[in-house]
$ cat start36.cif   # mmCIF, C-alpha atoms and all ligand atoms
data_model
#
loop_
_atom_site.group_PDB
_atom_site.id
_atom_site.type_symbol
_atom_site.label_atom_id
_atom_site.label_comp_id
_atom_site.auth_asym_id
_atom_site.auth_seq_id
_atom_site.Cartn_x
_atom_site.Cartn_y
_atom_site.Cartn_z
ATOM 1 C CA MET A 32 41.970 60.485 188.308
ATOM 2 C CA GLU A 33 42.236 63.784 190.099
ATOM 3 C CA LYS A 34 43.816 66.510 187.954
ATOM 4 C CA ALA A 35 47.076 67.907 189.308
ATOM 5 C CA LYS A 36 46.676 71.402 190.711
ATOM 6 C CA THR A 37 47.907 74.223 188.477
ATOM 7 C CA ALA A 38 50.478 76.518 190.091
ATOM 8 C CA GLU A 39 49.705 80.190 189.630
ATOM 9 C CA CYS A 40 52.516 82.608 188.811
ATOM 10 C CA PRO A 41 51.398 86.164 189.571
ATOM 11 C CA VAL A 42 52.733 88.796 187.182
ATOM 12 C CA ILE A 43 52.548 92.568 187.585
ATOM 13 C CA TRP A 44 53.416 94.422 184.375
ATOM 14 C CA ILE A 45 53.972 98.162 184.648
ATOM 15 C CA GLN A 46 54.688 100.639 181.891
ATOM 16 C CA CYS A 47 56.995 103.605 182.365
ATOM 17 C CA ALA A 48 58.501 105.795 179.625
ATOM 18 C CA THR A 49 57.430 103.592 176.724
ATOM 19 C CA CYS A 50 55.688 103.772 173.360
ATOM 20 C CA THR A 51 53.837 100.535 174.332
ATOM 21 C CA GLY A 52 55.440 98.779 171.368
ATOM 22 C CA CYS A 53 56.811 96.076 173.672
ATOM 23 C CA SER A 54 53.260 95.286 174.825
ATOM 24 C CA VAL A 55 52.041 95.215 171.241
ATOM 25 C CA SER A 56 54.866 92.872 170.237
ATOM 26 C CA ALA A 57 54.101 90.470 173.118
ATOM 27 C CA LEU A 58 50.397 90.534 172.236
ATOM 28 C CA ASN A 59 51.369 89.476 168.716
ATOM 29 C CA SER A 60 52.886 86.238 169.945
ATOM 30 C CA VAL A 61 52.053 83.499 167.447
ATOM 31 C CA SER A 62 53.126 80.278 169.078
ATOM 32 C CA PRO A 63 51.833 80.244 171.741
ATOM 33 C CA SER A 64 49.204 82.908 171.118
ATOM 34 C CA ILE A 65 48.752 85.506 173.839
ATOM 35 C CA LYS A 66 45.335 83.967 174.541
ATOM 36 C CA ASN A 67 47.009 80.637 175.247
ATOM 37 C CA VAL A 68 49.611 82.332 177.435
ATOM 38 C CA LEU A 69 47.026 84.118 179.553
ATOM 39 C CA ILE A 70 44.271 81.496 179.715
ATOM 40 C CA ASP A 71 46.051 78.172 179.442
ATOM 41 C CA GLU A 72 49.057 76.734 181.207
ATOM 42 C CA VAL A 73 52.154 78.342 179.667
ATOM 43 C CA ILE A 74 53.991 75.144 180.550
ATOM 44 C CA PRO A 75 52.268 72.042 181.976
ATOM 45 C CA GLY A 76 51.083 72.763 185.511
ATOM 46 C CA LYS A 77 52.028 76.477 185.472
ATOM 47 C CA HIS A 78 49.711 79.376 184.693
ATOM 48 C CA VAL A 79 50.709 83.022 184.242
ATOM 49 C CA ASN A 80 48.283 85.026 186.337
ATOM 50 C CA LEU A 81 48.545 88.549 184.905
ATOM 51 C CA ARG A 82 47.289 90.761 187.726
ATOM 52 C CA PHE A 83 48.038 94.181 186.259
ATOM 53 C CA GLN A 84 48.718 95.376 182.704
ATOM 54 C CA ALA A 85 47.343 98.802 181.809
ATOM 55 C CA THR A 86 47.111 98.209 178.040
ATOM 56 C CA VAL A 87 45.011 95.054 178.159
ATOM 57 C CA MET A 88 43.091 95.037 181.437
ATOM 58 C CA ALA A 89 39.453 96.024 181.387
ATOM 59 C CA GLY A 90 39.506 97.836 184.725
ATOM 60 C CA ALA A 91 40.893 101.291 185.438
ATOM 61 C CA GLY A 92 41.390 103.793 188.234
ATOM 62 C CA ASP A 93 41.866 103.214 191.963
ATOM 63 C CA ALA A 94 40.460 99.663 191.862
ATOM 64 C CA VAL A 95 43.240 98.322 189.634
ATOM 65 C CA ILE A 96 45.954 100.230 191.489
ATOM 66 C CA GLU A 97 44.698 98.659 194.733
ATOM 67 C CA GLU A 98 44.753 95.234 193.083
ATOM 68 C CA MET A 99 48.355 95.824 191.983
ATOM 69 C CA LYS A 100 49.388 96.842 195.489
ATOM 70 C CA GLU A 101 47.479 94.009 197.171
ATOM 71 C CA THR A 102 49.067 91.476 194.829
ATOM 72 C CA SER A 103 52.540 92.751 195.716
ATOM 73 C CA VAL A 104 51.803 92.363 199.436
ATOM 74 C CA ARG A 105 49.949 89.042 199.247
ATOM 75 C CA GLU A 106 52.471 87.497 196.845
ATOM 76 C CA LYS A 107 55.597 89.117 198.273
ATOM 77 C CA GLY A 108 58.698 87.343 196.955
ATOM 78 C CA LYS A 109 56.596 85.234 194.582
ATOM 79 C CA TYR A 110 55.490 87.537 191.770
ATOM 80 C CA ILE A 111 57.327 88.472 188.586
ATOM 81 C CA LEU A 112 57.501 92.188 187.875
ATOM 82 C CA VAL A 113 57.674 93.134 184.206
ATOM 83 C CA VAL A 114 58.871 96.680 183.585
ATOM 84 C CA GLU A 115 58.338 98.147 180.133
ATOM 85 C CA GLY A 116 59.973 101.484 179.317
ATOM 86 C CA ALA A 117 62.768 103.503 180.894
ATOM 87 C CA ILE A 118 62.354 105.240 184.240
ATOM 88 C CA PRO A 119 62.232 109.040 184.563
ATOM 89 C CA THR A 120 64.316 110.116 187.557
ATOM 90 C CA THR A 121 64.425 113.922 187.594
ATOM 91 C CA ASP A 122 63.520 115.786 190.808
ATOM 92 C CA LYS A 123 59.978 116.124 189.564
ATOM 93 C CA ALA A 124 59.830 112.573 188.186
ATOM 94 C CA ALA A 125 56.049 112.306 188.583
ATOM 95 C CA ASP A 126 55.692 115.197 186.119
ATOM 96 C CA TYR A 127 57.222 112.919 183.488
ATOM 97 C CA GLY A 128 55.108 109.896 184.282
ATOM 98 C CA SER A 129 53.101 108.392 187.101
ATOM 99 C CA ILE A 130 51.265 105.174 187.844
ATOM 100 C CA GLY A 131 48.150 105.801 189.903
ATOM 101 C CA GLU A 132 47.777 108.095 192.887
ATOM 102 C CA GLU A 133 48.119 108.047 196.667
ATOM 103 C CA ASN A 134 45.996 110.528 198.631
ATOM 104 C CA GLY A 135 45.218 112.404 195.449
ATOM 105 C CA GLU A 136 48.899 112.812 194.482
ATOM 106 C CA PRO A 137 50.462 111.053 191.470
ATOM 107 C CA VAL A 138 52.956 108.292 192.287
ATOM 108 C CA SER A 139 56.030 108.516 190.068
ATOM 109 C CA MET A 140 57.106 105.610 187.913
ATOM 110 C CA VAL A 141 60.451 105.475 189.709
ATOM 111 C CA GLU A 142 58.683 105.052 193.046
ATOM 112 C CA ARG A 143 56.543 102.206 191.688
ATOM 113 C CA VAL A 144 59.522 100.372 190.155
ATOM 114 C CA GLU A 145 61.433 100.688 193.418
ATOM 115 C CA THR A 146 58.553 99.535 195.656
ATOM 116 C CA LEU A 147 57.395 96.693 193.440
ATOM 117 C CA GLY A 148 60.915 95.708 192.356
ATOM 118 C CA LYS A 149 62.327 95.062 195.803
ATOM 119 C CA ASP A 150 59.546 92.629 196.761
ATOM 120 C CA ALA A 151 59.408 90.667 193.492
ATOM 121 C CA LEU A 152 60.744 87.167 192.915
ATOM 122 C CA ALA A 153 62.380 88.466 189.755
ATOM 123 C CA VAL A 154 62.149 91.446 187.444
ATOM 124 C CA VAL A 155 62.029 91.303 183.670
ATOM 125 C CA ALA A 156 63.149 94.520 181.971
ATOM 126 C CA LEU A 157 61.189 94.219 178.745
ATOM 127 C CA GLY A 158 62.477 96.151 175.757
ATOM 128 C CA THR A 159 65.612 98.202 175.200
ATOM 129 C CA CYS A 160 64.263 101.231 177.133
ATOM 130 C CA ALA A 161 63.726 99.200 180.321
ATOM 131 C CA ALA A 162 66.914 97.157 179.826
ATOM 132 C CA PHE A 163 69.338 99.925 178.817
ATOM 133 C CA GLY A 164 67.500 103.281 178.663
ATOM 134 C CA GLY A 165 66.890 103.054 174.913
ATOM 135 C CA ILE A 166 65.096 105.759 172.990
ATOM 136 C CA ALA A 167 63.599 107.294 176.140
ATOM 137 C CA ALA A 168 67.126 107.906 177.482
ATOM 138 C CA GLY A 169 68.459 109.146 174.140
ATOM 139 C CA LYS A 170 69.957 112.630 173.994
ATOM 140 C CA PRO A 171 68.993 115.123 175.394
ATOM 141 C CA ASN A 172 67.016 112.978 177.871
ATOM 142 C CA PRO A 173 65.137 115.786 179.677
ATOM 143 C CA ALA A 174 63.302 113.290 181.917
ATOM 144 C CA GLY A 175 66.557 111.759 183.220
ATOM 145 C CA CYS A 176 65.456 108.315 182.024
ATOM 146 C CA ILE A 177 67.515 105.335 183.169
ATOM 147 C CA SER A 178 67.242 101.562 182.917
ATOM 148 C CA VAL A 179 65.859 99.223 185.577
ATOM 149 C CA GLY A 180 69.373 97.847 186.169
ATOM 150 C CA ASP A 181 70.836 101.315 186.759
ATOM 151 C CA LEU A 182 67.998 102.190 189.158
ATOM 152 C CA PHE A 183 68.514 98.939 191.079
ATOM 153 C CA LYS A 184 72.259 99.638 191.328
ATOM 154 C CA GLU A 185 71.592 103.155 192.572
ATOM 155 C CA LYS A 186 69.077 101.993 195.190
ATOM 156 C CA GLY A 187 70.873 98.797 196.227
ATOM 157 C CA ILE A 188 67.991 96.569 195.092
ATOM 158 C CA THR A 189 69.214 93.008 194.629
ATOM 159 C CA THR A 190 66.150 91.315 193.110
ATOM 160 C CA PRO A 191 67.268 89.112 190.176
ATOM 161 C CA LEU A 192 66.902 90.991 186.899
ATOM 162 C CA VAL A 193 66.680 89.607 183.367
ATOM 163 C CA ASN A 194 67.053 91.983 180.432
ATOM 164 C CA ILE A 195 64.997 91.287 177.299
ATOM 165 C CA PRO A 196 65.981 94.150 174.997
ATOM 166 C CA GLY A 197 64.654 94.877 171.527
ATOM 167 C CA CYS A 198 62.817 97.764 169.977
ATOM 168 C CA PRO A 199 60.511 95.987 170.261
ATOM 169 C CA PRO A 200 61.618 92.616 171.675
ATOM 170 C CA HIS A 201 60.533 89.505 169.803
ATOM 171 C CA PRO A 202 57.543 87.904 171.582
ATOM 172 C CA ASP A 203 59.427 84.579 171.756
ATOM 173 C CA TRP A 204 62.297 86.217 173.660
ATOM 174 C CA PHE A 205 59.874 87.352 176.356
ATOM 175 C CA ILE A 206 57.501 84.401 176.553
ATOM 176 C CA GLY A 207 60.369 81.914 176.148
ATOM 177 C CA THR A 208 62.176 83.525 179.072
ATOM 178 C CA ILE A 209 59.080 83.508 181.302
ATOM 179 C CA ALA A 210 58.405 79.859 180.396
ATOM 180 C CA LYS A 211 61.992 78.890 181.175
ATOM 181 C CA VAL A 212 61.897 80.690 184.531
ATOM 182 C CA LEU A 213 58.716 78.744 185.409
ATOM 183 C CA LEU A 214 60.184 75.479 184.167
ATOM 184 C CA ILE A 215 63.689 75.507 185.622
ATOM 185 C CA GLY A 216 64.046 78.761 187.559
ATOM 186 C CA LEU A 217 65.962 81.965 187.065
ATOM 187 C CA PRO A 218 68.823 81.926 184.556
ATOM 188 C CA GLY A 219 72.234 81.398 186.150
ATOM 189 C CA PRO A 220 75.224 83.672 185.446
ATOM 190 C CA LYS A 221 76.428 81.392 182.629
ATOM 191 C CA GLU A 222 73.045 81.575 180.901
ATOM 192 C CA VAL A 223 73.087 85.344 180.429
ATOM 193 C CA ASP A 224 75.652 87.604 178.795
ATOM 194 C CA GLU A 225 77.416 90.540 180.429
ATOM 195 C CA TYR A 226 74.349 92.711 179.778
ATOM 196 C CA GLY A 227 71.943 90.313 181.490
ATOM 197 C CA ARG A 228 70.467 89.005 178.220
ATOM 198 C CA PRO A 229 69.603 85.288 177.983
ATOM 199 C CA LYS A 230 72.122 83.620 175.660
ATOM 200 C CA ASP A 231 69.300 81.419 174.341
ATOM 201 C CA PHE A 232 68.147 84.399 172.307
ATOM 202 C CA TYR A 233 71.054 86.872 172.319
ATOM 203 C CA GLY A 234 73.993 84.469 172.178
ATOM 204 C CA GLN A 235 75.075 85.030 168.577
ATOM 205 C CA LEU A 236 75.759 87.947 166.272
ATOM 206 C CA ILE A 237 73.239 88.759 163.553
ATOM 207 C CA HIS A 238 76.242 88.748 161.189
ATOM 208 C CA GLU A 239 77.045 85.099 162.055
ATOM 209 C CA ASN A 240 73.728 83.811 160.737
ATOM 210 C CA CYS A 241 72.831 86.390 158.103
ATOM 211 C CA PRO A 242 71.741 84.979 154.732
ATOM 212 C CA ARG A 243 73.645 87.861 153.070
ATOM 213 C CA ARG A 244 76.904 86.814 154.743
ATOM 214 C CA ALA A 245 78.251 85.189 151.563
ATOM 215 C CA TYR A 246 78.009 88.587 149.848
ATOM 216 C CA PHE A 247 79.974 90.153 152.729
ATOM 217 C CA ASP A 248 82.677 87.502 152.463
ATOM 218 C CA GLU A 249 82.875 88.038 148.702
ATOM 219 C CA GLY A 250 82.978 91.830 149.076
ATOM 220 C CA LYS A 251 79.691 92.346 147.242
ATOM 221 C CA PHE A 252 77.951 95.308 148.848
ATOM 222 C CA ALA A 253 74.577 96.903 148.093
ATOM 223 C CA LYS A 254 75.014 100.533 147.046
ATOM 224 C CA LYS A 255 71.370 101.468 147.406
ATOM 225 C CA PHE A 256 68.304 99.995 149.058
ATOM 226 C CA SER A 257 66.757 97.121 147.073
ATOM 227 C CA ASP A 258 70.146 96.121 145.641
ATOM 228 C CA PRO A 259 71.186 92.527 146.264
ATOM 229 C CA GLY A 260 74.354 92.236 148.348
ATOM 230 C CA CYS A 261 75.485 92.780 151.903
ATOM 231 C CA LEU A 262 73.981 95.877 153.559
ATOM 232 C CA ASN A 263 77.207 96.859 155.355
ATOM 233 C CA GLU A 264 77.732 100.036 153.318
ATOM 234 C CA LEU A 265 74.123 101.056 153.925
ATOM 235 C CA GLY A 266 74.717 101.048 157.684
ATOM 236 C CA CYS A 267 74.008 97.470 158.786
ATOM 237 C CA LYS A 268 74.853 96.976 162.482
ATOM 238 C CA GLY A 269 74.606 93.168 162.221
ATOM 239 C CA PRO A 270 78.354 92.741 162.894
ATOM 240 C CA VAL A 271 77.943 94.209 166.406
ATOM 241 C CA THR A 272 74.400 93.107 167.262
ATOM 242 C CA HIS A 273 73.525 90.014 169.275
ATOM 243 C CA ALA A 274 70.163 88.410 168.529
ATOM 244 C CA ASP A 275 68.713 85.390 166.747
ATOM 245 C CA CYS A 276 66.527 87.334 164.271
ATOM 246 C CA PRO A 277 68.019 85.623 161.153
ATOM 247 C CA LEU A 278 67.138 82.200 162.582
ATOM 248 C CA ARG A 279 63.867 82.987 164.365
ATOM 249 C CA LEU A 280 62.433 85.576 161.939
ATOM 250 C CA TRP A 281 59.545 87.864 162.926
ATOM 251 C CA ASN A 282 55.763 87.920 162.567
ATOM 252 C CA GLY A 283 55.388 84.181 162.929
ATOM 253 C CA GLY A 284 58.367 83.420 160.687
ATOM 254 C CA VAL A 285 57.323 85.658 157.777
ATOM 255 C CA ASN A 286 60.410 87.868 157.463
ATOM 256 C CA TRP A 287 62.879 90.049 159.350
ATOM 257 C CA CYS A 288 64.694 93.388 158.953
ATOM 258 C CA ILE A 289 67.517 92.331 156.606
ATOM 259 C CA GLY A 290 65.204 89.915 154.787
ATOM 260 C CA SER A 291 63.023 92.863 153.837
ATOM 261 C CA GLY A 292 66.014 94.910 152.670
ATOM 262 C CA SER A 293 66.624 97.065 155.747
ATOM 263 C CA PRO A 294 69.965 97.076 157.558
ATOM 264 C CA CYS A 295 69.885 95.831 161.151
ATOM 265 C CA ILE A 296 69.893 98.988 163.315
ATOM 266 C CA GLY A 297 71.173 97.196 166.420
ATOM 267 C CA CYS A 298 67.968 97.599 168.413
ATOM 268 C CA VAL A 299 68.955 95.087 171.131
ATOM 269 C CA GLU A 300 72.298 96.665 172.021
ATOM 270 C CA PRO A 301 73.047 98.819 175.093
ATOM 271 C CA GLY A 302 74.153 101.769 172.932
ATOM 272 C CA PHE A 303 70.864 101.928 171.005
ATOM 273 C CA PRO A 304 69.950 104.408 169.616
ATOM 274 C CA ASP A 305 72.580 107.113 170.175
ATOM 275 C CA GLN A 306 75.754 105.065 169.663
ATOM 276 C CA LEU A 307 74.304 103.182 166.698
ATOM 277 C CA ALA A 308 73.130 106.253 164.826
ATOM 278 C CA PRO A 309 73.131 107.284 162.049
ATOM 279 C CA PHE A 310 71.316 104.054 161.278
ATOM 280 C CA TYR A 311 72.008 104.147 157.558
ATOM 281 C CA LYS A 312 75.678 105.114 157.700
ATOM 282 C CA LYS A 313 78.435 102.516 157.443
ATOM 283 C CA LEU A 314 79.949 101.389 160.743
ATOM 284 C CA THR A 315 83.305 103.038 161.248
ATOM 285 C CA GLU A 316 86.308 101.940 163.276
ATOM 286 C CA ASP A 317 85.913 104.836 165.713
ATOM 287 C CA ILE A 318 82.419 103.809 166.855
ATOM 288 C CA LEU A 319 83.037 100.072 166.742
ATOM 289 C CA PRO A 320 84.803 99.880 170.128
ATOM 290 C CA ASN A 321 81.888 101.633 171.827
ATOM 291 C CA ILE A 322 79.106 99.292 170.856
ATOM 292 C CA GLY A 323 78.334 95.651 171.199
ATOM 293 C CA SER A 324 81.545 94.943 173.075
ATOM 294 C CA ARG A 325 81.237 91.696 174.987
ATOM 295 C CA GLU A 326 82.921 88.379 175.388
ATOM 296 C CA GLU A 327 82.086 86.110 172.555
ATOM 297 C CA VAL A 328 80.312 82.854 173.337
HETATM 298 S S1 LIG B 1 73.743 92.424 155.754
HETATM 299 FE FE1 LIG B 1 74.572 93.026 157.770
HETATM 300 S S2 LIG B 1 74.491 91.179 159.036
HETATM 301 FE FE2 LIG B 1 74.205 90.568 156.893
HETATM 302 S S3 LIG B 1 76.265 90.010 156.196
HETATM 303 FE FE3 LIG B 1 75.966 92.158 155.663
HETATM 304 S S4 LIG B 1 76.776 93.302 157.429
HETATM 305 FE FE4 LIG B 1 76.511 91.190 158.103
HETATM 306 S S1 LIG B 2 67.548 92.495 162.863
HETATM 307 FE FE1 LIG B 2 68.553 93.997 164.197
HETATM 308 S S2 LIG B 2 67.206 95.829 164.179
HETATM 309 FE FE2 LIG B 2 66.032 94.074 163.362
HETATM 310 S S3 LIG B 2 64.925 93.279 165.179
HETATM 311 FE FE3 LIG B 2 66.826 92.080 164.964
HETATM 312 S S4 LIG B 2 68.312 93.152 166.273
HETATM 313 FE FE4 LIG B 2 66.606 94.577 165.956
#
$ encode --input "start36.cif" --output "structure tokens" --more "lines below"
Ligand code: SF4
Ligand code: SF4
Amino acid sequence: MEKAKTAECPVIWIQCATCTGCSVSALNSVSPSIKNVLIDEVIPGKHVNLRFQATVMAGAGDAVIEEMKETSVREKGKYILVVEGAIPTTDKAADYGSIGEENGEPVSMVERVETLGKDALAVVALGTCAAFGGIAAGKPNPAGCISVGDLFKEKGITTPLVNIPGCPPHPDWFIGTIAKVLLIGLPGPKEVDEYGRPKDFYGQLIHENCPRRAYFDEGKFAKKFSDPGCLNELGCKGPVTHADCPLRLWNGGVNWCIGSGSPCIGCVEPGFPDQLAPFYKKLTEDILPNIGSREEV
């Protein structure tokens, strides 16, 4: 019997103001492995065709920039653009980061996101910097870094955008979202929260599923690191942070932040890091209204 043809999904993945931790996290995907994602069908009949990713591709220089541009023209309206990192937007934006050159001049990251973003089928803002500005946009933000969503609003770009925050994001959040887009299409308004995060992964508070919750309810609080008890007094931001870390765990199910004795620092929230700092200071009533505010599911 003739084998059904595999549909190719072209993906262009660009990196702006980033530490590359989001790439490293995605490469650490356990099930499926990144090899399976890139070589095999990510879901039956669909293959992710990664056309550009500076950290992992073997090529470099003008040849790969041309390939990126050609892909965006050839696959206009059909490719997924992944943006990792926030976007520098000062007058001299290219001084803060560029992706390739045109006629010997560096092309700023903001220009690339704009050009590639408007012609994509969808854009995935991968990591808290791309989704909300994150560390790159933290005070004093000399590069004028902003999120993909804010840039799109400013430029009137209407390409569908999915935010996958996290510092870094869990590989499942990213690969699960891509797989779901290929399987059933872009998430509808009811499938994402008010910050554009898929509810599949960001639909519940850390605090709701935390194994230390019984301590919280009993008023038993750790006074120093390594104590048993709820980590609230050591600065845990679990009560205002939306992610499934306590259920999913990290590193292939080995452990997670609170499981290893560290308070949740709220790395998936729009206010991260400035509004959630100091990380190891108890949440106070005055900062509570500023962070993690959203309609509960
Ligand atoms: S450790 Fe954090 S998330 Fe867990 S119960 Fe305490 S405050 Fe909530
Ligand atoms: S537990 Fe909190 S800080 Fe840790 S990865 Fe999850 S959301 Fe981020």
$ residues_around --input "start36.cif" --residues "segment 238-249 of chain A" --least-positions-apart "3" --cutoff "9 Å" --atoms "all atoms listed in the file" --output "PyMOL selection string"
chain A and resi 235+252+259-263+268-273+275-278+289-290
$ resolve_selection --input "start36.cif" --expression "the PyMOL selection byres (((chain A and resi 212) around 12) and not hetatm)" --output "PyMOL selection string"
chain A and resi 40+73-74+77+79+110-111+152-155+191-193+205-211+213-219+222+229
$ closest_residue --input "start36.cif" --among "A:Leu280, A:Ile237, A:Val113, A:Leu69" --to "Asn194 of chain A" --atoms "all atoms listed in the file"
A:Val113
$ closest_atom_pairs --input "start36.cif" --of "chain A" --to "ligand LIG 2 (chain B)" --cutoff "6 Å" --atoms "all atoms listed in the file" --output "Markdown table"
| residue | atom | partner | partner_atom | distance |
| --- | --- | --- | --- | --- |
| A:Gly197 | CA | B:LIG2 | FE4 | 5.9 |
| A:Ala274 | CA | B:LIG2 | S4 | 5.6 |
| A:Cys276 | CA | B:LIG2 | FE3 | 4.8 |
| A:Cys288 | CA | B:LIG2 | FE2 | 4.7 |
| A:Cys295 | CA | B:LIG2 | FE1 | 3.8 |
| A:Ile296 | CA | B:LIG2 | S2 | 4.2 |
| A:Gly297 | CA | B:LIG2 | FE1 | 4.7 |
| A:Cys298 | CA | B:LIG2 | FE4 | 4.1 |
| A:Val299 | CA | B:LIG2 | S4 | 5.3 |
$ closest_residue --input "start36.cif" --among "A:Ala117, A:Val95, A:Cys267, A:Ala174" --to "Pro196 of chain A" --atoms "all atoms listed in the file"
A:Ala117
$ resolve_selection --input "start36.cif" --expression "the PyMOL selection byres (((chain A and resi 51) around 10) and not hetatm)" --output "PyMOL selection string"
chain A and resi 46-50+52-56+86+115-116+158+199
$ residues_near_point --input "start36.cif" --point "(54.7, 108.4, 190.3)" --cutoff "6 Å" --atoms "all atoms listed in the file" --output "mmCIF file with C-alpha atoms, in the frame of the given file"
data_model
loop_
_atom_site.group_PDB
_atom_site.id
_atom_site.type_symbol
_atom_site.label_atom_id
_atom_site.label_comp_id
_atom_site.auth_asym_id
_atom_site.auth_seq_id
_atom_site.Cartn_x
_atom_site.Cartn_y
_atom_site.Cartn_z
ATOM 1 C CA ALA A 125 56.049 112.306 188.583
ATOM 2 C CA SER A 129 53.101 108.392 187.101
ATOM 3 C CA ILE A 130 51.265 105.174 187.844
ATOM 4 C CA PRO A 137 50.462 111.053 191.470
ATOM 5 C CA VAL A 138 52.956 108.292 192.287
ATOM 6 C CA SER A 139 56.030 108.516 190.068
ATOM 7 C CA MET A 140 57.106 105.610 187.913
ATOM 8 C CA GLU A 142 58.683 105.052 193.046
#
$ residues_around --input "start36.cif" --residues "Glu72 of chain A" --least-positions-apart "6" --cutoff "10 Å" --atoms "only C-alpha atoms" --output "number ranges by chain"
A: 37-39, 78-80, 210
$ closest_residue --input "start36.cif" --among "A:Glu316, A:Asp122, A:Glu145, A:Glu264" --to "ligand LIG 1 (chain B)" --atoms "only C-alpha atoms and all ligand atoms"
A:Glu264
$ atom_distance --input "start36.cif" --atom1 "atom CA of Gly175 of chain A" --atom2 "atom CA of Gly148 of chain A"
19.3 Å
$ resolve_selection --input "start36.cif" --expression "the PyMOL selection byres (((chain A and resi 147) around 12) and not hetatm)" --output "compact mmCIF listing (two decimals) with C-alpha atoms, keeping the file's coordinate frame"
# COMPACT_ATOMS: atom_id res chain seq x y z
CA VAL A 42 52.73 88.80 187.18
CA ILE A 43 52.55 92.57 187.58
CA TRP A 44 53.42 94.42 184.38
CA ILE A 45 53.97 98.16 184.65
CA MET A 99 48.36 95.82 191.98
CA LYS A 100 49.39 96.84 195.49
CA GLU A 101 47.48 94.01 197.17
CA THR A 102 49.07 91.48 194.83
CA SER A 103 52.54 92.75 195.72
CA VAL A 104 51.80 92.36 199.44
CA GLU A 106 52.47 87.50 196.84
CA LYS A 107 55.60 89.12 198.27
CA GLY A 108 58.70 87.34 196.96
CA LYS A 109 56.60 85.23 194.58
CA TYR A 110 55.49 87.54 191.77
CA ILE A 111 57.33 88.47 188.59
CA LEU A 112 57.50 92.19 187.88
CA VAL A 113 57.67 93.13 184.21
CA VAL A 114 58.87 96.68 183.58
CA ILE A 130 51.26 105.17 187.84
CA MET A 140 57.11 105.61 187.91
CA VAL A 141 60.45 105.48 189.71
CA GLU A 142 58.68 105.05 193.05
CA ARG A 143 56.54 102.21 191.69
CA VAL A 144 59.52 100.37 190.16
CA GLU A 145 61.43 100.69 193.42
CA THR A 146 58.55 99.54 195.66
CA GLY A 148 60.92 95.71 192.36
CA LYS A 149 62.33 95.06 195.80
CA ASP A 150 59.55 92.63 196.76
CA ALA A 151 59.41 90.67 193.49
CA LEU A 152 60.74 87.17 192.92
CA ALA A 153 62.38 88.47 189.76
CA VAL A 154 62.15 91.45 187.44
CA VAL A 179 65.86 99.22 185.58
CA PHE A 183 68.51 98.94 191.08
CA ILE A 188 67.99 96.57 195.09
CA THR A 190 66.15 91.32 193.11
$ axis_aligned_box --input "start36.cif" --around "ligand LIG 1 (chain B)" --padding-each-side "4 Å" --output "JSON"
{"center_x": 75.3, "center_y": 91.7, "center_z": 157.3, "size_x": 11.0, "size_y": 11.3, "size_z": 11.4}
$ residues_around --input "start36.cif" --residues "segment 61-65 of chain A" --least-positions-apart "4" --cutoff "8 Å" --atoms "all atoms listed in the file" --output "PyMOL selection string"
chain A and resi 57+69+282-283
$ atom_distance --input "start36.cif" --atom1 "atom CA of Ala156 of chain A" --atom2 "atom CA of Pro41 of chain A"
16.3 Å
